[in-house]
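Everything below belongs to work25.cif, which stores mmCIF, C-alpha atoms and all ligand atoms.
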data_structure
#
loop_
_atom_site.label_atom_id
_atom_site.label_comp_id
_atom_site.auth_asym_id
_atom_site.auth_seq_id
_atom_site.Cartn_x
_atom_site.Cartn_y
_atom_site.Cartn_z
CA MET Y 17 60.25 -9.47 228.75
CA SER Y 18 58.73 -8.23 225.53
CA ALA Y 19 55.56 -9.77 224.10
CA GLN Y 20 56.58 -13.09 222.59
CA GLY Y 21 53.92 -13.65 219.95
CA ASN Y 22 53.76 -10.05 218.93
CA TRP Y 23 57.32 -9.27 217.97
CA PRO Y 24 57.49 -6.47 215.41
CA GLN Y 25 58.97 -7.02 211.98
CA PHE Y 26 62.43 -5.59 211.85
CA CYS Y 27 61.85 -2.71 209.47
CA GLN Y 28 60.42 -1.82 206.12
CA LYS Y 29 61.91 -3.35 202.98
CA LEU Y 30 63.67 -0.88 200.76
CA ASN Y 31 61.63 -0.32 197.62
CA GLU Y 32 63.08 -0.07 194.09
CA HIS Y 33 63.35 3.68 194.29
CA GLN Y 34 65.11 3.63 197.67
CA LEU Y 35 67.50 0.93 196.51
CA LEU Y 36 68.40 2.94 193.43
CA GLU Y 37 68.97 5.99 195.57
CA MET Y 38 71.18 3.97 197.89
CA MET Y 39 73.32 2.62 195.03
CA GLU Y 40 73.72 6.11 193.56
CA GLN Y 41 74.72 7.56 196.92
CA ILE Y 42 77.21 4.79 197.60
CA GLU Y 43 78.68 5.16 194.13
CA GLU Y 44 79.04 8.93 194.43
CA THR Y 45 80.01 9.39 198.05
CA GLY Y 46 80.70 5.97 199.57
CA PHE Y 47 78.00 6.37 202.19
CA TYR Y 48 74.22 6.35 202.56
CA ILE Y 49 71.92 7.63 205.31
CA HIS Y 50 68.23 6.84 205.72
CA LYS Y 51 66.65 8.85 208.51
CA ASN Y 52 63.56 6.78 209.23
CA LEU Y 53 63.97 3.20 208.18
CA LEU Y 54 62.43 1.87 211.39
CA ASP Y 55 59.33 3.33 212.94
CA ASN Y 56 59.31 4.21 216.62
CA ASP Y 57 57.49 1.06 217.77
CA HIS Y 58 60.13 -1.14 216.13
CA VAL Y 59 62.91 0.95 217.61
CA LYS Y 60 61.37 0.56 221.07
CA GLY Y 61 60.91 -3.18 220.53
CA TRP Y 62 64.56 -3.66 219.66
CA GLN Y 63 65.77 -1.43 222.44
CA GLN Y 64 63.74 -3.55 224.83
CA HIS Y 65 65.25 -6.71 223.36
CA VAL Y 66 68.73 -5.27 223.97
CA ASN Y 67 67.78 -4.34 227.53
CA THR Y 68 66.50 -7.87 228.14
CA LEU Y 69 69.78 -9.39 226.92
CA ASN Y 70 71.69 -6.93 229.05
CA SER Y 71 69.66 -7.74 232.15
CA MET Y 72 70.60 -11.40 231.56
CA ASP Y 73 74.25 -10.32 231.70
CA GLN Y 74 74.87 -11.05 228.03
CA PHE Y 75 76.87 -7.93 227.19
CA LYS Y 76 80.67 -7.74 227.29
CA SER Y 77 83.14 -4.86 227.00
CA ALA Y 78 84.06 -4.30 223.36
CA LYS Y 79 87.60 -5.16 222.33
CA ILE Y 80 89.87 -3.46 219.85
CA GLY Y 81 92.24 -4.95 217.31
CA LYS Y 82 93.06 -8.35 215.95
CA LYS Y 83 92.58 -11.46 218.05
CA GLU Y 84 96.13 -11.83 219.33
CA PHE Y 85 96.39 -8.15 220.27
CA GLU Y 86 92.89 -7.62 221.60
CA SER Y 87 92.60 -5.24 224.48
CA THR Y 88 89.74 -3.63 226.36
CA GLU Y 89 91.06 -0.11 226.08
CA THR Y 90 88.28 1.99 227.58
CA GLN Y 91 89.93 5.29 226.61
CA ILE Y 92 89.43 4.41 222.94
CA ARG Y 93 86.16 2.57 223.10
CA SER Y 94 83.78 2.17 226.00
CA ASP Y 95 80.72 0.41 224.66
CA GLN Y 96 79.33 -2.96 225.69
CA ILE Y 97 78.48 -5.44 222.97
CA TYR Y 98 76.57 -8.62 222.25
CA TRP Y 99 77.63 -10.55 219.11
CA LEU Y 100 74.94 -12.19 217.01
CA HIS Y 101 76.49 -15.50 216.05
CA GLU Y 102 73.38 -16.63 214.24
CA PHE Y 103 70.05 -15.23 213.16
CA THR Y 104 67.46 -17.36 214.88
CA GLY Y 105 64.19 -16.66 216.67
CA LYS Y 106 63.60 -12.94 217.02
CA THR Y 107 66.74 -11.99 215.13
CA ARG Y 108 65.85 -14.01 212.01
CA VAL Y 109 64.23 -10.87 210.55
CA LEU Y 110 67.53 -9.01 210.96
CA GLY Y 111 69.38 -11.71 209.03
CA ASP Y 112 66.75 -11.78 206.28
CA TRP Y 113 66.76 -8.03 205.83
CA LEU Y 114 70.55 -7.86 205.77
CA GLN Y 115 70.76 -10.77 203.35
CA ASN Y 116 68.54 -8.84 200.92
CA LEU Y 117 70.69 -5.77 201.31
CA SER Y 118 73.85 -7.76 200.87
CA ASP Y 119 72.50 -9.47 197.70
CA GLU Y 120 71.64 -6.10 196.19
CA LEU Y 121 75.07 -4.62 196.92
CA LYS Y 122 76.81 -7.76 195.77
CA THR Y 123 75.04 -7.71 192.41
CA HIS Y 124 75.29 -3.98 191.87
CA PHE Y 125 78.97 -3.58 192.76
CA ARG Y 126 80.08 -7.14 191.93
CA LEU Y 127 81.49 -7.62 195.38
CA PRO Y 128 82.30 -10.93 197.08
CA ILE Y 129 80.15 -10.29 200.15
CA ASP Y 130 79.36 -13.57 201.81
CA PHE Y 131 79.26 -13.03 205.54
CA ILE Y 132 77.34 -10.78 207.93
CA GLU Y 133 79.08 -9.95 211.19
CA SER Y 134 77.03 -7.93 213.69
CA HIS Y 135 76.41 -6.98 217.27
CA PHE Y 136 74.07 -5.01 219.47
CA SER Y 137 75.86 -2.32 221.36
CA ILE Y 138 75.20 -0.19 224.43
CA TYR Y 139 77.27 2.91 225.08
CA PRO Y 140 76.73 3.80 228.74
CA GLU Y 141 76.50 7.45 229.72
CA GLY Y 142 79.95 9.02 229.20
CA ALA Y 143 81.05 6.44 226.60
CA ARG Y 144 82.57 7.20 223.21
CA TYR Y 145 84.54 5.58 220.41
CA GLN Y 146 87.58 7.50 219.23
CA LYS Y 147 88.37 8.16 215.58
CA HIS Y 148 89.12 4.91 213.74
CA ILE Y 149 88.63 3.10 210.46
CA ASP Y 150 86.89 -0.29 210.37
CA ASN Y 151 89.02 -1.73 207.57
CA ALA Y 152 92.41 -0.05 207.16
CA SER Y 153 93.35 -0.80 203.52
CA GLY Y 154 92.65 -4.47 203.13
CA GLN Y 155 93.75 -5.53 206.59
CA SER Y 156 90.36 -6.98 207.36
CA HIS Y 157 87.61 -8.44 205.23
CA ARG Y 158 85.01 -5.83 206.05
CA LEU Y 159 83.51 -4.22 202.93
CA PHE Y 160 80.57 -2.23 204.30
CA THR Y 161 79.71 -0.98 207.78
CA PHE Y 162 76.04 -0.64 208.70
CA ILE Y 163 74.48 0.91 211.80
CA PHE Y 164 70.87 1.03 213.00
CA TYR Y 165 70.22 3.48 215.80
CA LEU Y 166 67.86 2.20 218.47
CA ASN Y 167 67.31 5.33 220.58
CA PRO Y 168 63.60 6.20 220.50
CA ASP Y 169 63.98 9.27 222.74
CA TRP Y 170 67.19 10.79 221.42
CA GLN Y 171 67.26 14.63 221.59
CA PRO Y 172 69.86 17.22 220.56
CA GLY Y 173 72.20 17.61 223.53
CA HIS Y 174 72.19 13.88 224.31
CA GLY Y 175 75.43 13.48 222.33
CA GLY Y 176 76.71 10.24 220.81
CA GLU Y 177 76.69 11.59 217.26
CA LEU Y 178 78.58 9.65 214.59
CA VAL Y 179 81.16 11.83 212.84
CA LEU Y 180 82.34 10.83 209.36
CA TYR Y 181 85.64 12.17 207.99
CA SER Y 182 86.50 12.76 204.36
CA PRO Y 183 88.27 9.86 202.58
CA GLU Y 184 90.46 12.42 200.74
CA ASN Y 185 91.31 14.36 203.85
CA PRO Y 186 90.74 12.43 207.09
CA GLU Y 187 91.10 15.67 209.10
CA ARG Y 188 88.00 17.13 207.50
CA ILE Y 189 84.55 16.31 208.86
CA ILE Y 190 82.01 15.61 206.13
CA CYS Y 191 78.97 14.93 208.27
CA GLN Y 192 77.70 14.40 211.77
CA ILE Y 193 74.85 11.93 212.18
CA GLU Y 194 72.39 12.04 215.08
CA PRO Y 195 71.84 8.57 216.59
CA LYS Y 196 68.06 9.02 216.48
CA GLY Y 197 65.88 5.95 216.60
CA GLY Y 198 65.11 4.68 213.11
CA THR Y 199 68.17 6.12 211.38
CA PHE Y 200 70.21 3.72 209.27
CA VAL Y 201 73.75 4.37 208.02
CA LEU Y 202 75.80 2.39 205.52
CA PHE Y 203 79.37 3.22 204.47
CA ARG Y 204 82.43 1.69 202.82
CA SER Y 205 84.50 0.21 205.66
CA ASP Y 206 87.80 0.94 203.90
CA LEU Y 207 87.18 4.63 203.16
CA PHE Y 208 85.92 6.46 206.21
CA TYR Y 209 87.57 7.41 209.42
CA HIS Y 210 84.76 7.93 211.90
CA GLU Y 211 84.16 8.61 215.55
CA VAL Y 212 81.38 8.37 218.12
CA LEU Y 213 81.17 11.51 220.25
CA LEU Y 214 80.66 11.23 223.99
CA THR Y 215 77.11 10.26 224.84
CA ARG Y 216 75.28 11.79 227.80
CA VAL Y 217 72.55 9.15 227.84
CA PRO Y 218 72.79 5.39 227.23
CA ARG Y 219 73.11 4.89 223.47
CA TYR Y 220 71.83 1.80 221.64
CA THR Y 221 72.80 0.46 218.24
CA TYR Y 222 72.71 -2.59 216.04
CA THR Y 223 75.99 -2.47 214.11
CA GLY Y 224 77.76 -4.75 211.71
CA TRP Y 225 79.76 -5.45 208.61
CA LEU Y 226 79.11 -7.05 205.26
CA ARG Y 227 82.31 -8.94 204.57
CA ARG Y 228 84.20 -11.59 202.77
CA ASN Y 229 83.88 -14.77 204.69
CA ALA Y 230 87.49 -15.37 205.63
CA ARG Y 231 88.63 -14.30 209.06
CA VAL Y 232 91.94 -12.52 209.41
C1 LIG D 1 81.94 0.75 215.21
C2 LIG D 1 81.44 2.13 215.04
C3 LIG D 1 79.61 3.72 215.10
C4 LIG D 1 78.34 4.04 215.82
O1 LIG D 1 81.30 -0.03 215.96
O2 LIG D 1 82.97 0.42 214.59
O3 LIG D 1 82.16 2.92 214.50
O4 LIG D 1 77.72 5.07 215.46
N1 LIG D 1 80.18 2.46 215.44
O5 LIG D 1 77.97 3.33 216.74
NI NI D 2 83.68 1.87 213.37
#
Let's see the structure in the file written out as structure tokens.
Ligand code: OGA
Ligand code: NI
Amino acid sequence: MSAQGNWPQFCQKLNEHQLLEMMEQIEETGFYIHKNLLDNDHVKGWQQHVNTLNSMDQFKSAKIGKKEFESTETQIRSDQIYWLHEFTGKTRVLGDWLQNLSDELKTHFRLPIDFIESHFSIYPEGARYQKHIDNASGQSHRLFTFIFYLNPDWQPGHGGELVLYSPENPERIICQIEPKGGTFVLFRSDLFYHEVLLTRVPRYTYTGWLRRNARV
């Protein structure tokens, strides 16, 4: 168990300059990457939290598709996830940080974001997530996808990179993001096909969506 009274704050607040940069990036390209939003101690703290939940058997195989068609298709997606249904206790800081982010995006882009959906995820060694889009043209209510990487010891060769494809040409790769601890990624859920390459070491993330409230 991690130290109870000494839980680290989630991560630094984005300052005015960083927020401006984020808005400009999103406007121009539809995505934003920050390579060291969390310092290594925070990354380790959250990874430990995920390991604790996992050791209590709280993780389930991720499912694909809408409720009535859900399947655990391990060829497509082989991570294990833990949904955060509320932000209480240790995870309150996650909710507060994301609420700030969501308010900024909402105001800047005049978007009806009013719900945060998120989960911790563990990709065991050998796991991947094939090319997909989180919100295929208005079929879901997801507006933005965010990912925090919680791998303090990630090295080149460990795999598990996130590949983003061009919105104009979904066959063309526009960037490959290393899942290094502390990296944060935000992108428009309706624009980008993306893929998680096979990981050779267990891979940890905190992933979610800023969305309209209604469920599909
Ligand atoms: C997802 C996803 C990317 C990642 O959960 O939909 O694409 O890098 N995750 O974990
Ligand atoms: Ni995705």
Of the candidates Y:Ser182, Y:Gln155, Y:Gln146, Y:Asn70, which one gets nearest to ligand NI 2 (chain D) if we count only C-alpha atoms and all ligand atoms? Y:Gln146
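Picture a line from CA of Leu53 (chain Y) to CA of Pro172 (chain Y); it runs 19.6 Å.
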List all protein, DNA and RNA residues that have at least one atom no more than 10 Å from any atom of ligand LIG 1 (chain D), counting all atoms listed in the file, and write them as a PyMOL selection string. chain Y and resi 78+80+93+95+97+134-139+144-151+161-165+176-180+193-195+200-201+205+208-213+219-225
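For the choices Y:Thr123, Y:Ser94, Y:Asn167, Y:Asn52, the atom-to-atom distance to Thr199 (chain Y) is smallest for Y:Asn52 when using only C-alpha atoms.
For the atom pair formed by CA of Ile190 (chain Y) and CA of Gly46 (chain Y), the distance is 11.7 Å, given to one decimal.
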Which one is closest to Asn31 (chain Y): Y:Ile129, Y:Leu117, Y:Ile49, Y:Met72? Count all atoms listed in the file. Y:Leu117
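Taking CA of Gly197 (chain Y) and CA of Phe125 (chain Y) as the two end points, the separation is 28.8 Å.
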